[in-house]
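Colleague: Got a structure for you, final-v9.pdb, holding PDB, C-alpha atoms.
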ATOM      1  CA  MET Q   1      -7.263  58.464   4.571
ATOM      2  CA  ALA Q   2      -4.394  56.494   3.199
ATOM      3  CA  THR Q   3      -4.653  54.088   6.124
ATOM      4  CA  HIS Q   4      -8.406  53.782   5.684
ATOM      5  CA  ASP Q   5      -8.041  53.013   1.972
ATOM      6  CA  ALA Q   6      -5.366  50.430   2.693
ATOM      7  CA  ALA Q   7      -7.679  48.760   5.195
ATOM      8  CA  LEU Q   8     -10.487  48.595   2.636
ATOM      9  CA  THR Q   9      -8.340  47.090  -0.096
ATOM     10  CA  GLY Q  10      -6.876  44.418   2.190
ATOM     11  CA  PRO Q  11      -3.255  43.460   2.726
ATOM     12  CA  PRO Q  12      -0.705  44.731   0.180
ATOM     13  CA  ALA Q  13       0.400  42.500  -2.649
ATOM     14  CA  PRO Q  14       3.755  40.784  -1.935
ATOM     15  CA  GLU Q  15       5.621  42.802  -4.539
ATOM     16  CA  GLU Q  16       4.609  46.143  -2.969
ATOM     17  CA  HIS Q  17       6.540  45.598   0.322
ATOM     18  CA  HIS Q  18       4.803  48.364   2.296
ATOM     19  CA  THR Q  19       6.900  49.702   5.148
ATOM     20  CA  SER Q  20       6.344  52.144   8.010
ATOM     21  CA  THR Q  21       9.565  54.074   7.220
ATOM     22  CA  GLY Q  22       9.217  54.395   3.460
ATOM     23  CA  LEU Q  23      12.431  52.364   3.168
ATOM     24  CA  ASP Q  24      12.806  48.760   2.075
ATOM     25  CA  ASN Q  25      12.757  46.473   5.130
ATOM     26  CA  THR Q  26      15.234  43.987   3.650
ATOM     27  CA  LYS Q  27      17.745  46.760   2.935
ATOM     28  CA  MET Q  28      17.280  48.123   6.443
ATOM     29  CA  ALA Q  29      17.908  44.615   7.839
ATOM     30  CA  MET Q  30      21.054  44.273   5.715
ATOM     31  CA  TRP Q  31      22.441  47.574   7.042
ATOM     32  CA  ALA Q  32      21.633  46.524  10.640
ATOM     33  CA  PHE Q  33      23.430  43.222   9.958
ATOM     34  CA  LEU Q  34      26.465  45.036   8.514
ATOM     35  CA  GLY Q  35      26.510  47.321  11.566
ATOM     36  CA  SER Q  36      26.652  44.228  13.805
ATOM     37  CA  GLU Q  37      29.414  42.783  11.621
ATOM     38  CA  CYS Q  38      31.486  45.899  12.410
ATOM     39  CA  LEU Q  39      31.444  44.763  16.044
ATOM     40  CA  PHE Q  40      32.443  41.221  15.055
ATOM     41  CA  PHE Q  41      35.429  42.233  12.926
ATOM     42  CA  GLY Q  42      36.276  45.086  15.306
ATOM     43  CA  SER Q  43      36.721  42.489  18.064
ATOM     44  CA  LEU Q  44      38.918  40.259  15.889
ATOM     45  CA  ILE Q  45      41.128  43.160  14.751
ATOM     46  CA  SER Q  46      41.384  44.484  18.330
ATOM     47  CA  THR Q  47      42.506  41.047  19.490
ATOM     48  CA  TYR Q  48      45.116  40.945  16.738
ATOM     49  CA  LEU Q  49      46.493  44.348  17.780
ATOM     50  CA  LEU Q  50      46.834  43.140  21.361
ATOM     51  CA  TYR Q  51      48.543  39.850  20.539
ATOM     52  CA  ARG Q  52      50.567  40.542  17.379
ATOM     53  CA  SER Q  53      53.792  41.101  19.327
ATOM     54  CA  ARG Q  54      53.470  37.746  21.140
ATOM     55  CA  ALA Q  55      54.900  35.375  18.552
ATOM     56  CA  ALA Q  56      56.389  32.987  21.169
ATOM     57  CA  SER Q  57      58.995  30.817  19.407
ATOM     58  CA  GLY Q  58      57.304  31.111  15.985
ATOM     59  CA  PRO Q  59      57.914  33.657  13.230
ATOM     60  CA  THR Q  60      57.053  37.341  13.842
ATOM     61  CA  PRO Q  61      54.819  39.432  11.547
ATOM     62  CA  GLY Q  62      57.834  41.249  10.089
ATOM     63  CA  GLU Q  63      59.534  37.960   9.198
ATOM     64  CA  ILE Q  64      56.581  36.218   7.621
ATOM     65  CA  TYR Q  65      54.443  38.759   5.728
ATOM     66  CA  ASP Q  66      54.869  39.041   1.959
ATOM     67  CA  ILE Q  67      53.640  42.607   1.395
ATOM     68  CA  PRO Q  68      53.903  42.655  -2.457
ATOM     69  CA  PHE Q  69      51.817  39.455  -2.683
ATOM     70  CA  THR Q  70      49.160  40.705  -0.237
ATOM     71  CA  SER Q  71      49.087  44.083  -2.012
ATOM     72  CA  VAL Q  72      48.125  42.343  -5.265
ATOM     73  CA  SER Q  73      45.413  40.356  -3.415
ATOM     74  CA  SER Q  74      44.090  43.597  -1.924
ATOM     75  CA  PHE Q  75      43.999  45.206  -5.367
ATOM     76  CA  VAL Q  76      42.072  42.191  -6.742
ATOM     77  CA  LEU Q  77      39.441  42.428  -3.987
ATOM     78  CA  LEU Q  78      39.178  46.201  -4.416
ATOM     79  CA  MET Q  79      38.509  45.801  -8.139
ATOM     80  CA  SER Q  80      35.842  43.170  -7.383
ATOM     81  CA  SER Q  81      33.858  45.976  -5.738
ATOM     82  CA  LEU Q  82      33.927  47.817  -9.071
ATOM     83  CA  THR Q  83      32.637  44.787 -10.997
ATOM     84  CA  MET Q  84      29.941  44.264  -8.324
ATOM     85  CA  VAL Q  85      28.634  47.798  -8.629
ATOM     86  CA  LEU Q  86      28.720  47.503 -12.443
ATOM     87  CA  ALA Q  87      26.556  44.358 -12.100
ATOM     88  CA  LEU Q  88      24.030  46.410 -10.121
ATOM     89  CA  ALA Q  89      24.112  49.185 -12.739
ATOM     90  CA  ALA Q  90      23.502  46.540 -15.439
ATOM     91  CA  ILE Q  91      20.352  45.099 -13.843
ATOM     92  CA  GLN Q  92      19.058  48.587 -13.119
ATOM     93  CA  ARG Q  93      19.194  49.124 -16.917
ATOM     94  CA  GLY Q  94      17.475  45.752 -17.430
ATOM     95  CA  ASP Q  95      20.658  44.317 -18.980
ATOM     96  CA  HIS Q  96      20.651  40.720 -17.672
ATOM     97  CA  ARG Q  97      23.521  39.598 -19.899
ATOM     98  CA  GLY Q  98      25.673  42.417 -18.508
ATOM     99  CA  LEU Q  99      24.542  41.499 -15.003
ATOM    100  CA  ARG Q 100      25.722  37.895 -15.405
ATOM    101  CA  THR Q 101      29.038  38.996 -16.942
ATOM    102  CA  TRP Q 102      29.860  41.379 -14.091
ATOM    103  CA  LEU Q 103      28.639  38.966 -11.402
ATOM    104  CA  LEU Q 104      30.865  36.216 -12.822
ATOM    105  CA  ALA Q 105      33.787  38.665 -12.986
ATOM    106  CA  THR Q 106      33.183  39.553  -9.326
ATOM    107  CA  ALA Q 107      33.019  35.875  -8.324
ATOM    108  CA  LEU Q 108      36.235  35.131 -10.251
ATOM    109  CA  LEU Q 109      38.062  38.024  -8.585
ATOM    110  CA  GLY Q 110      36.776  36.772  -5.217
ATOM    111  CA  MET Q 111      38.024  33.252  -6.009
ATOM    112  CA  THR Q 112      41.414  34.697  -6.972
ATOM    113  CA  PHE Q 113      41.576  36.447  -3.609
ATOM    114  CA  ILE Q 114      40.631  33.245  -1.757
ATOM    115  CA  GLY Q 115      43.188  31.276  -3.797
ATOM    116  CA  GLY Q 116      45.830  33.792  -2.708
ATOM    117  CA  GLN Q 117      44.747  33.451   0.902
ATOM    118  CA  VAL Q 118      44.949  29.642   0.762
ATOM    119  CA  TYR Q 119      48.460  29.937  -0.725
ATOM    120  CA  GLU Q 120      49.447  32.456   1.978
ATOM    121  CA  PHE Q 121      48.087  30.312   4.814
ATOM    122  CA  THR Q 122      49.872  27.223   3.456
ATOM    123  CA  THR Q 123      53.169  29.109   3.158
ATOM    124  CA  PHE Q 124      52.840  30.539   6.665
ATOM    125  CA  TYR Q 125      52.076  27.101   8.084
ATOM    126  CA  GLU Q 126      55.167  25.645   6.394
ATOM    127  CA  GLU Q 127      57.237  28.490   7.875
ATOM    128  CA  GLY Q 128      56.053  27.599  11.390
ATOM    129  CA  LEU Q 129      53.030  29.841  11.978
ATOM    130  CA  ALA Q 130      50.004  27.823  13.130
ATOM    131  CA  LEU Q 131      46.660  28.591  14.771
ATOM    132  CA  SER Q 132      47.740  27.149  18.113
ATOM    133  CA  LYS Q 133      51.467  27.963  17.883
ATOM    134  CA  SER Q 134      51.344  31.454  19.397
ATOM    135  CA  PRO Q 135      48.896  34.217  20.369
ATOM    136  CA  PHE Q 136      50.021  36.068  17.211
ATOM    137  CA  GLY Q 137      49.222  32.998  15.053
ATOM    138  CA  SER Q 138      45.785  32.550  16.650
ATOM    139  CA  ALA Q 139      44.855  36.216  16.272
ATOM    140  CA  PHE Q 140      46.151  36.378  12.674
ATOM    141  CA  PHE Q 141      44.375  33.249  11.444
ATOM    142  CA  MET Q 142      41.122  34.147  13.225
ATOM    143  CA  ALA Q 143      40.942  37.685  11.787
ATOM    144  CA  THR Q 144      41.981  36.827   8.216
ATOM    145  CA  GLY Q 145      40.300  33.387   8.252
ATOM    146  CA  PHE Q 146      36.888  34.761   9.251
ATOM    147  CA  HIS Q 147      37.260  37.398   6.546
ATOM    148  CA  GLY Q 148      38.063  34.668   4.017
ATOM    149  CA  ALA Q 149      34.968  32.738   5.159
ATOM    150  CA  HIS Q 150      32.862  35.851   4.532
ATOM    151  CA  VAL Q 151      34.349  36.218   1.031
ATOM    152  CA  THR Q 152      33.549  32.544   0.344
ATOM    153  CA  VAL Q 153      29.913  33.034   1.419
ATOM    154  CA  GLY Q 154      29.799  36.107  -0.843
ATOM    155  CA  ILE Q 155      31.082  34.079  -3.820
ATOM    156  CA  LEU Q 156      28.366  31.455  -3.240
ATOM    157  CA  MET Q 157      25.698  34.181  -3.157
ATOM    158  CA  LEU Q 158      27.074  35.729  -6.371
ATOM    159  CA  LEU Q 159      26.974  32.357  -8.137
ATOM    160  CA  ALA Q 160      23.410  31.830  -6.842
ATOM    161  CA  LEU Q 161      22.462  35.204  -8.373
ATOM    162  CA  VAL Q 162      23.978  34.136 -11.709
ATOM    163  CA  GLY Q 163      21.960  30.892 -11.552
ATOM    164  CA  MET Q 164      18.753  32.794 -10.706
ATOM    165  CA  SER Q 165      19.359  35.191 -13.579
ATOM    166  CA  MET Q 166      19.944  32.330 -16.050
ATOM    167  CA  ALA Q 167      16.744  30.653 -14.818
ATOM    168  CA  GLY Q 168      14.821  33.911 -15.319
ATOM    169  CA  ARG Q 169      14.057  34.245 -11.617
ATOM    170  CA  LEU Q 170      15.500  37.756 -11.189
ATOM    171  CA  THR Q 171      12.472  39.727 -12.309
ATOM    172  CA  VAL Q 172      10.615  42.498 -10.477
ATOM    173  CA  ASP Q 173      12.763  42.798  -7.350
ATOM    174  CA  GLY Q 174      15.934  41.479  -9.008
ATOM    175  CA  ALA Q 175      17.781  44.789  -8.668
ATOM    176  CA  ARG Q 176      17.034  44.817  -4.944
ATOM    177  CA  LYS Q 177      18.475  41.298  -4.483
ATOM    178  CA  VAL Q 178      21.633  42.274  -6.388
ATOM    179  CA  GLU Q 179      21.921  45.463  -4.347
ATOM    180  CA  LEU Q 180      21.643  43.589  -1.020
ATOM    181  CA  ILE Q 181      24.297  41.025  -1.961
ATOM    182  CA  GLY Q 182      26.375  43.889  -3.354
ATOM    183  CA  LEU Q 183      26.216  45.655   0.026
ATOM    184  CA  TYR Q 184      27.510  42.492   1.687
ATOM    185  CA  TRP Q 185      30.307  42.219  -0.899
ATOM    186  CA  HIS Q 186      31.388  45.844  -0.509
ATOM    187  CA  PHE Q 187      31.385  45.411   3.270
ATOM    188  CA  VAL Q 188      33.742  42.447   2.930
ATOM    189  CA  ASP Q 189      35.965  44.716   0.795
ATOM    190  CA  ILE Q 190      35.834  47.477   3.424
ATOM    191  CA  VAL Q 191      36.852  45.033   6.161
ATOM    192  CA  TRP Q 192      39.841  43.962   4.053
ATOM    193  CA  ILE Q 193      40.870  47.618   3.627
ATOM    194  CA  VAL Q 194      41.153  47.784   7.434
ATOM    195  CA  ILE Q 195      42.805  44.349   7.790
ATOM    196  CA  PHE Q 196      45.357  45.095   5.062
ATOM    197  CA  THR Q 197      46.423  48.316   6.776
ATOM    198  CA  VAL Q 198      46.240  47.258  10.431
ATOM    199  CA  VAL Q 199      47.380  43.641  10.159
ATOM    200  CA  TYR Q 200      49.893  43.780   7.298
ATOM    201  CA  LEU Q 201      51.220  47.324   6.895
ATOM    202  CA  VAL Q 202      51.353  48.782  10.422
ATOM    203  CA  PRO Q 203      54.751  47.718  11.778
ATOM    204  CA  THR Q 204      54.886  45.705  15.016
ATOM    205  CA  GLU Q 205      57.505  47.831  16.774
TER
ATOM    206  CA  MET C 206      -3.118  58.089  12.930
ATOM    207  CA  ALA C 207      -0.046  59.292  11.141
ATOM    208  CA  SER C 208       2.118  56.781  12.994
ATOM    209  CA  THR C 209       0.236  53.846  11.472
ATOM    210  CA  GLU C 210       0.499  55.168   7.923
ATOM    211  CA  VAL C 211       2.352  52.910   5.514
ATOM    212  CA  HIS C 212       4.467  53.965   2.531
ATOM    213  CA  PRO C 213       5.688  52.119  -0.513
ATOM    214  CA  PRO C 214       9.481  51.748  -0.561
ATOM    215  CA  ARG C 215      11.325  54.532  -2.345
ATOM    216  CA  GLU C 216      13.321  52.110  -4.479
ATOM    217  CA  SER C 217      12.922  53.866  -7.819
ATOM    218  CA  GLU C 218      13.739  57.211  -6.206
ATOM    219  CA  GLU C 219      16.958  55.756  -4.719
ATOM    220  CA  LEU C 220      18.071  54.073  -7.932
ATOM    221  CA  THR C 221      17.771  57.244 -10.022
ATOM    222  CA  HIS C 222      20.300  58.968  -7.726
ATOM    223  CA  HIS C 223      22.994  56.299  -8.060
ATOM    224  CA  PRO C 224      26.152  57.312  -9.974
ATOM    225  CA  SER C 225      26.843  56.355 -13.595
ATOM    226  CA  PRO C 226      29.176  53.418 -14.486
ATOM    227  CA  ARG C 227      31.766  55.992 -15.631
ATOM    228  CA  LYS C 228      31.810  57.528 -12.152
ATOM    229  CA  TYR C 229      32.200  54.062 -10.583
ATOM    230  CA  VAL C 230      35.266  53.461 -12.781
ATOM    231  CA  TRP C 231      36.768  56.792 -11.677
ATOM    232  CA  VAL C 232      36.201  55.875  -8.028
ATOM    233  CA  ALA C 233      37.934  52.512  -8.635
ATOM    234  CA  ILE C 234      40.908  54.259 -10.301
ATOM    235  CA  ILE C 235      41.257  56.581  -7.290
ATOM    236  CA  LEU C 236      41.053  53.556  -4.939
ATOM    237  CA  ALA C 237      43.787  51.777  -6.922
ATOM    238  CA  VAL C 238      46.040  54.855  -6.821
ATOM    239  CA  VAL C 239      45.495  55.276  -3.065
ATOM    240  CA  THR C 240      46.322  51.574  -2.511
ATOM    241  CA  ALA C 241      49.525  51.979  -4.538
ATOM    242  CA  ALA C 242      50.447  55.069  -2.479
ATOM    243  CA  GLU C 243      49.691  53.171   0.733
ATOM    244  CA  VAL C 244      52.055  50.349  -0.215
ATOM    245  CA  ALA C 245      54.666  52.835  -1.504
ATOM    246  CA  ILE C 246      54.922  54.729   1.795
ATOM    247  CA  TYR C 247      55.444  51.398   3.570
ATOM    248  CA  TYR C 248      58.765  51.089   1.682
ATOM    249  CA  ILE C 249      60.007  54.671   2.194
ATOM    250  CA  PRO C 250      63.037  54.205   4.496
ATOM    251  CA  GLY C 251      63.085  57.495   6.410
ATOM    252  CA  ILE C 252      59.346  57.984   6.903
ATOM    253  CA  GLY C 253      59.524  57.024  10.609
ATOM    254  CA  ALA C 254      56.734  58.482  12.715
ATOM    255  CA  PHE C 255      54.703  59.539   9.666
ATOM    256  CA  LEU C 256      54.128  55.954   8.493
ATOM    257  CA  ILE C 257      51.211  54.999  10.768
ATOM    258  CA  PRO C 258      49.307  58.325  10.396
ATOM    259  CA  GLY C 259      49.830  58.092   6.620
ATOM    260  CA  LEU C 260      48.542  54.506   6.475
ATOM    261  CA  VAL C 261      45.510  55.419   8.612
ATOM    262  CA  VAL C 262      44.640  58.399   6.385
ATOM    263  CA  PHE C 263      44.838  56.266   3.212
ATOM    264  CA  ALA C 264      42.775  53.432   4.782
ATOM    265  CA  VAL C 265      40.079  55.845   6.015
ATOM    266  CA  LEU C 266      39.965  57.485   2.564
ATOM    267  CA  LYS C 267      39.425  54.098   0.852
ATOM    268  CA  PHE C 268      36.878  53.000   3.483
ATOM    269  CA  VAL C 269      34.842  56.188   3.080
ATOM    270  CA  MET C 270      34.965  56.115  -0.743
ATOM    271  CA  VAL C 271      33.707  52.512  -0.924
ATOM    272  CA  ALA C 272      30.964  53.209   1.642
ATOM    273  CA  LEU C 273      29.798  56.466   0.039
ATOM    274  CA  TYR C 274      29.958  55.535  -3.657
ATOM    275  CA  PHE C 275      29.877  51.729  -4.031
ATOM    276  CA  MET C 276      27.529  51.156  -1.059
ATOM    277  CA  HIS C 277      25.576  54.310  -2.009
ATOM    278  CA  LEU C 278      25.542  55.783   1.496
ATOM    279  CA  LYS C 279      26.049  59.211  -0.104
ATOM    280  CA  PHE C 280      22.810  58.831  -2.063
ATOM    281  CA  ASP C 281      20.555  56.609   0.085
ATOM    282  CA  SER C 282      18.550  57.333   3.219
ATOM    283  CA  LYS C 283      20.415  58.775   6.212
ATOM    284  CA  LEU C 284      18.899  55.994   8.319
ATOM    285  CA  PHE C 285      21.164  53.415   6.620
ATOM    286  CA  ARG C 286      24.185  55.619   7.319
ATOM    287  CA  ARG C 287      23.188  55.889  10.986
ATOM    288  CA  LEU C 288      22.834  52.103  11.321
ATOM    289  CA  PHE C 289      26.298  51.548   9.855
ATOM    290  CA  VAL C 290      27.991  54.365  11.772
ATOM    291  CA  THR C 291      26.434  53.057  15.010
ATOM    292  CA  GLY C 292      28.134  49.706  14.394
ATOM    293  CA  ILE C 293      31.487  51.378  13.707
ATOM    294  CA  VAL C 294      31.231  53.613  16.801
ATOM    295  CA  LEU C 295      30.295  50.627  19.012
ATOM    296  CA  ALA C 296      33.272  48.697  17.590
ATOM    297  CA  PHE C 297      35.590  51.569  18.597
ATOM    298  CA  VAL C 298      33.982  51.722  22.069
ATOM    299  CA  ILE C 299      34.607  47.991  22.573
ATOM    300  CA  PHE C 300      38.174  48.370  21.286
ATOM    301  CA  THR C 301      38.830  51.242  23.713
ATOM    302  CA  ILE C 302      37.371  49.314  26.657
ATOM    303  CA  VAL C 303      39.441  46.207  25.806
ATOM    304  CA  LEU C 304      42.620  48.289  25.403
ATOM    305  CA  LEU C 305      42.034  50.077  28.708
ATOM    306  CA  THR C 306      41.299  46.806  30.512
ATOM    307  CA  PHE C 307      44.367  45.090  29.112
ATOM    308  CA  PHE C 308      46.789  47.949  29.660
ATOM    309  CA  LEU C 309      45.525  49.008  33.080
ATOM    310  CA  ARG C 310      45.631  45.419  34.369
ATOM    311  CA  PRO C 311      48.224  43.660  32.156
ATOM    312  CA  GLU C 312      48.761  40.919  34.744
ATOM    313  CA  ALA C 313      45.142  39.808  34.270
ATOM    314  CA  SER C 314      45.269  39.852  30.464
ATOM    315  CA  GLY C 315      48.452  37.871  29.960
ATOM    316  CA  ILE C 316      49.711  40.186  27.194
ATOM    317  CA  THR C 317      52.921  40.852  29.064
ATOM    318  CA  GLY C 318      55.208  38.010  28.384
TER
END
Please rewrite the model in this file as structure tokens.

Modeller:
Amino acid sequence: MATHDAALTGPPAPEEHHTSTGLDNTKMAMWAFLGSECLFFGSLISTYLLYRSRAASGPTPGEIYDIPFTSVSSFVLLMSSLTMVLALAAIQRGDHRGLRTWLLATALLGMTFIGGQVYEFTTFYEEGLALSKSPFGSAFFMATGFHGAHVTVGILMLLALVGMSMAGRLTVDGARKVELIGLYWHFVDIVWIVIFTVVYLVPTE
Amino acid sequence: MASTEVHPPRESEELTHHPSPRKYVWVAIILAVVTAAEVAIYYIPGIGAFLIPGLVVFAVLKFVMVALYFMHLKFDSKLFRRLFVTGIVLAFVIFTIVLLTFFLRPEASGITG
């Protein structure tokens, strides 16, 4: 009967988003995308594990990593996941001012992380580690660089959300948009949890 | 007929099951403590063979906490969890195949100096 009634009343209004699973299609697509991203980062991290001991004439991981500095960067990114989820909680309460505050906090923490990564890359380059210098250098810059690119895309999406909220364009499905971008942000955080442990903390020998 | 039936998304149902901001803060505190412990064991001189298992346990704990609480996999549909876990499992399969290929035929991979 439900199908018959739906046929009589015509196609659903855009805001209803009818699905065959009872789940939001955009959220399903985001999870499928994040699943595929696991393969992408899994390949990069696997490559790093295979090549990290091949530093050629350049510096080795043990010589070049600054663990205290990277630990602080990791903490900053981890806390950005908290501010992101607080932004989602704010819009779910209808608190748009709170949403913008937490989104800006998340973007600032993300920018701090990226600033740290730029500083780290510059330092490493000055110490002789370059993308084409050794297999270790290539694998390191590819894994951490692609992660940094993902964080940068996330920051742009967060700032776009802030702009949409200020323009009053986050209305009926605003919480869903924040949730989807939040999922992406948390995924980027999860990938860093793995990179921080596998790339930085696990000793080479 | 049942297969063609359409449903509205269960958005409001999902949102009501999400944790409170207070719980999110507690999760973040636990994550910070685990990160501190992870870095601390890196500097323990005599930890030896326990270092890598310890680091893996802490990383898995943080990974699971972020996925379950911040990404709401604990509260949302199991279908989302399956999609994500499928990606992780496939990543491990690829990693295992690459490792096996490289270590069974090191002369072809070029990883031996």

Colleague: Taking all atoms of range 278-292 of chain C that the file lists, what box with edges along x, y and z, padded by 3 Å per side, do you get, with centre and edge lengths in Å to one decimal, as AutoDock Vina command-line options?

Modeller:
--center_x 23.3 --center_y 54.5 --center_z 6.5 --size_x 15.6 --size_y 15.5 --size_z 23.1

Colleague: In terms of the shortest atom-to-atom distance over all atoms listed in the file, which of Q:Pro135, Q:Gly154, Q:Gly62, Q:Gly22 is closest to Gly110 in chain Q?

Modeller: Q:Gly154

Colleague: Using the chain letters and residue numbers of this document, give as a count of residues only the residues selected by the PyMOL selection byres ((chain C and resi 288) around 12).

Modeller: 26

Colleague: Per residue of chain Q within 8 Å of chain C, record the nearest atom pair and its distance in Å to one decimal, counting only C-alpha atoms, with rows in chain order and ascending residue number, as JSON lines.

Modeller:
{"residue": "Q:Ala2", "atom": "CA", "partner": "C:Glu210", "partner_atom": "CA", "distance": 6.9}
{"residue": "Q:Thr3", "atom": "CA", "partner": "C:Glu210", "partner_atom": "CA", "distance": 5.6}
{"residue": "Q:Glu16", "atom": "CA", "partner": "C:Pro213", "partner_atom": "CA", "distance": 6.6}
{"residue": "Q:His17", "atom": "CA", "partner": "C:Pro213", "partner_atom": "CA", "distance": 6.6}
{"residue": "Q:His18", "atom": "CA", "partner": "C:Pro213", "partner_atom": "CA", "distance": 4.8}
{"residue": "Q:Thr19", "atom": "CA", "partner": "C:His212", "partner_atom": "CA", "distance": 5.6}
{"residue": "Q:Ser20", "atom": "CA", "partner": "C:Val211", "partner_atom": "CA", "distance": 4.8}
{"residue": "Q:Thr21", "atom": "CA", "partner": "C:His212", "partner_atom": "CA", "distance": 6.9}
{"residue": "Q:Gly22", "atom": "CA", "partner": "C:Pro214", "partner_atom": "CA", "distance": 4.8}
{"residue": "Q:Leu23", "atom": "CA", "partner": "C:Pro214", "partner_atom": "CA", "distance": 4.8}
{"residue": "Q:Asp24", "atom": "CA", "partner": "C:Pro214", "partner_atom": "CA", "distance": 5.2}
{"residue": "Q:Met28", "atom": "CA", "partner": "C:Phe285", "partner_atom": "CA", "distance": 6.6}
{"residue": "Q:Trp31", "atom": "CA", "partner": "C:Phe285", "partner_atom": "CA", "distance": 6.0}
{"residue": "Q:Ala32", "atom": "CA", "partner": "C:Leu288", "partner_atom": "CA", "distance": 5.7}
{"residue": "Q:Leu34", "atom": "CA", "partner": "C:Phe289", "partner_atom": "CA", "distance": 6.7}
{"residue": "Q:Gly35", "atom": "CA", "partner": "C:Gly292", "partner_atom": "CA", "distance": 4.0}
{"residue": "Q:Ser36", "atom": "CA", "partner": "C:Gly292", "partner_atom": "CA", "distance": 5.7}
{"residue": "Q:Glu37", "atom": "CA", "partner": "C:Gly292", "partner_atom": "CA", "distance": 7.6}
{"residue": "Q:Cys38", "atom": "CA", "partner": "C:Gly292", "partner_atom": "CA", "distance": 5.4}
{"residue": "Q:Leu39", "atom": "CA", "partner": "C:Ala296", "partner_atom": "CA", "distance": 4.6}
{"residue": "Q:Phe40", "atom": "CA", "partner": "C:Ala296", "partner_atom": "CA", "distance": 7.9}
{"residue": "Q:Gly42", "atom": "CA", "partner": "C:Ala296", "partner_atom": "CA", "distance": 5.2}
{"residue": "Q:Ser43", "atom": "CA", "partner": "C:Phe300", "partner_atom": "CA", "distance": 6.9}
{"residue": "Q:Ser46", "atom": "CA", "partner": "C:Phe300", "partner_atom": "CA", "distance": 5.8}
{"residue": "Q:Leu50", "atom": "CA", "partner": "C:Ile316", "partner_atom": "CA", "distance": 7.1}
{"residue": "Q:Tyr51", "atom": "CA", "partner": "C:Ile316", "partner_atom": "CA", "distance": 6.8}
{"residue": "Q:Arg54", "atom": "CA", "partner": "C:Gly318", "partner_atom": "CA", "distance": 7.5}
{"residue": "Q:Ser71", "atom": "CA", "partner": "C:Val244", "partner_atom": "CA", "distance": 7.2}
{"residue": "Q:Phe75", "atom": "CA", "partner": "C:Ala237", "partner_atom": "CA", "distance": 6.8}
{"residue": "Q:Leu78", "atom": "CA", "partner": "C:Leu236", "partner_atom": "CA", "distance": 7.6}
{"residue": "Q:Met79", "atom": "CA", "partner": "C:Ala233", "partner_atom": "CA", "distance": 6.8}
{"residue": "Q:Ser81", "atom": "CA", "partner": "C:Phe275", "partner_atom": "CA", "distance": 7.2}
{"residue": "Q:Leu82", "atom": "CA", "partner": "C:Ala233", "partner_atom": "CA", "distance": 6.2}
{"residue": "Q:Val85", "atom": "CA", "partner": "C:Phe275", "partner_atom": "CA", "distance": 6.2}
{"residue": "Q:Leu86", "atom": "CA", "partner": "C:Pro226", "partner_atom": "CA", "distance": 6.3}
{"residue": "Q:Ala89", "atom": "CA", "partner": "C:Pro226", "partner_atom": "CA", "distance": 6.8}
{"residue": "Q:Gln92", "atom": "CA", "partner": "C:Leu220", "partner_atom": "CA", "distance": 7.6}
{"residue": "Q:Gly182", "atom": "CA", "partner": "C:Met276", "partner_atom": "CA", "distance": 7.7}
{"residue": "Q:Leu183", "atom": "CA", "partner": "C:Met276", "partner_atom": "CA", "distance": 5.8}
{"residue": "Q:His186", "atom": "CA", "partner": "C:Met276", "partner_atom": "CA", "distance": 6.6}
{"residue": "Q:Phe187", "atom": "CA", "partner": "C:Ala272", "partner_atom": "CA", "distance": 8.0}
{"residue": "Q:Ile190", "atom": "CA", "partner": "C:Phe268", "partner_atom": "CA", "distance": 5.6}
{"residue": "Q:Ile193", "atom": "CA", "partner": "C:Ala264", "partner_atom": "CA", "distance": 6.2}
{"residue": "Q:Val194", "atom": "CA", "partner": "C:Ala264", "partner_atom": "CA", "distance": 6.4}
{"residue": "Q:Thr197", "atom": "CA", "partner": "C:Leu260", "partner_atom": "CA", "distance": 6.5}
{"residue": "Q:Leu201", "atom": "CA", "partner": "C:Tyr247", "partner_atom": "CA", "distance": 6.7}
{"residue": "Q:Val202", "atom": "CA", "partner": "C:Ile257", "partner_atom": "CA", "distance": 6.2}

Colleague: As an exercise, work out the distance from CA of Val178 in chain Q to CA of Val162 in chain Q in Å and give it to one decimal place.

Modeller: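 So the two atoms, CA of Val178 in chain Q and CA of Val162 in chain Q, lie 10.0 Å apart.
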
Colleague: Could you please determine the separation between CA of Leu103 in chain Q and CA of Val239 in chain C in Å, to one decimal place?

Modeller: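 That distance, rounded to one decimal, is 24.9 Å.
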
Colleague: In Å to one decimal, how far is CA of Arg310 in chain C from CA of Thr204 in chain Q?

Modeller: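 Interatomic distance, CA of Thr204 in chain Q to CA of Arg310 in chain C: 21.5 Å.
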
Colleague: Taking the file as shown, find all residues satisfying the PyMOL selection byres ((chain Q and resi 158) around 8) and write them as a ChimeraX atom specification.

Modeller: /Q:103-104,106-107,154-157,159-162,181

Colleague: Contacts of range 150-153 of chain Q at 8 Å or less, counting all atoms listed in the file, minus same-chain residues fewer than 6 places along, as a short mmCIF file (atom, residue, chain, number, x, y, z; two decimals) with C-alpha atoms, in the frame of the given file?

Modeller:
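Saved as around_18.cif:
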data_model
loop_
_atom_site.label_atom_id
_atom_site.label_comp_id
_atom_site.auth_asym_id
_atom_site.auth_seq_id
_atom_site.Cartn_x
_atom_site.Cartn_y
_atom_site.Cartn_z
CA GLY Q 110 36.78 36.77 -5.22
CA MET Q 111 38.02 33.25 -6.01
CA ILE Q 114 40.63 33.24 -1.76
CA TRP Q 185 30.31 42.22 -0.90
CA VAL Q 188 33.74 42.45 2.93
#
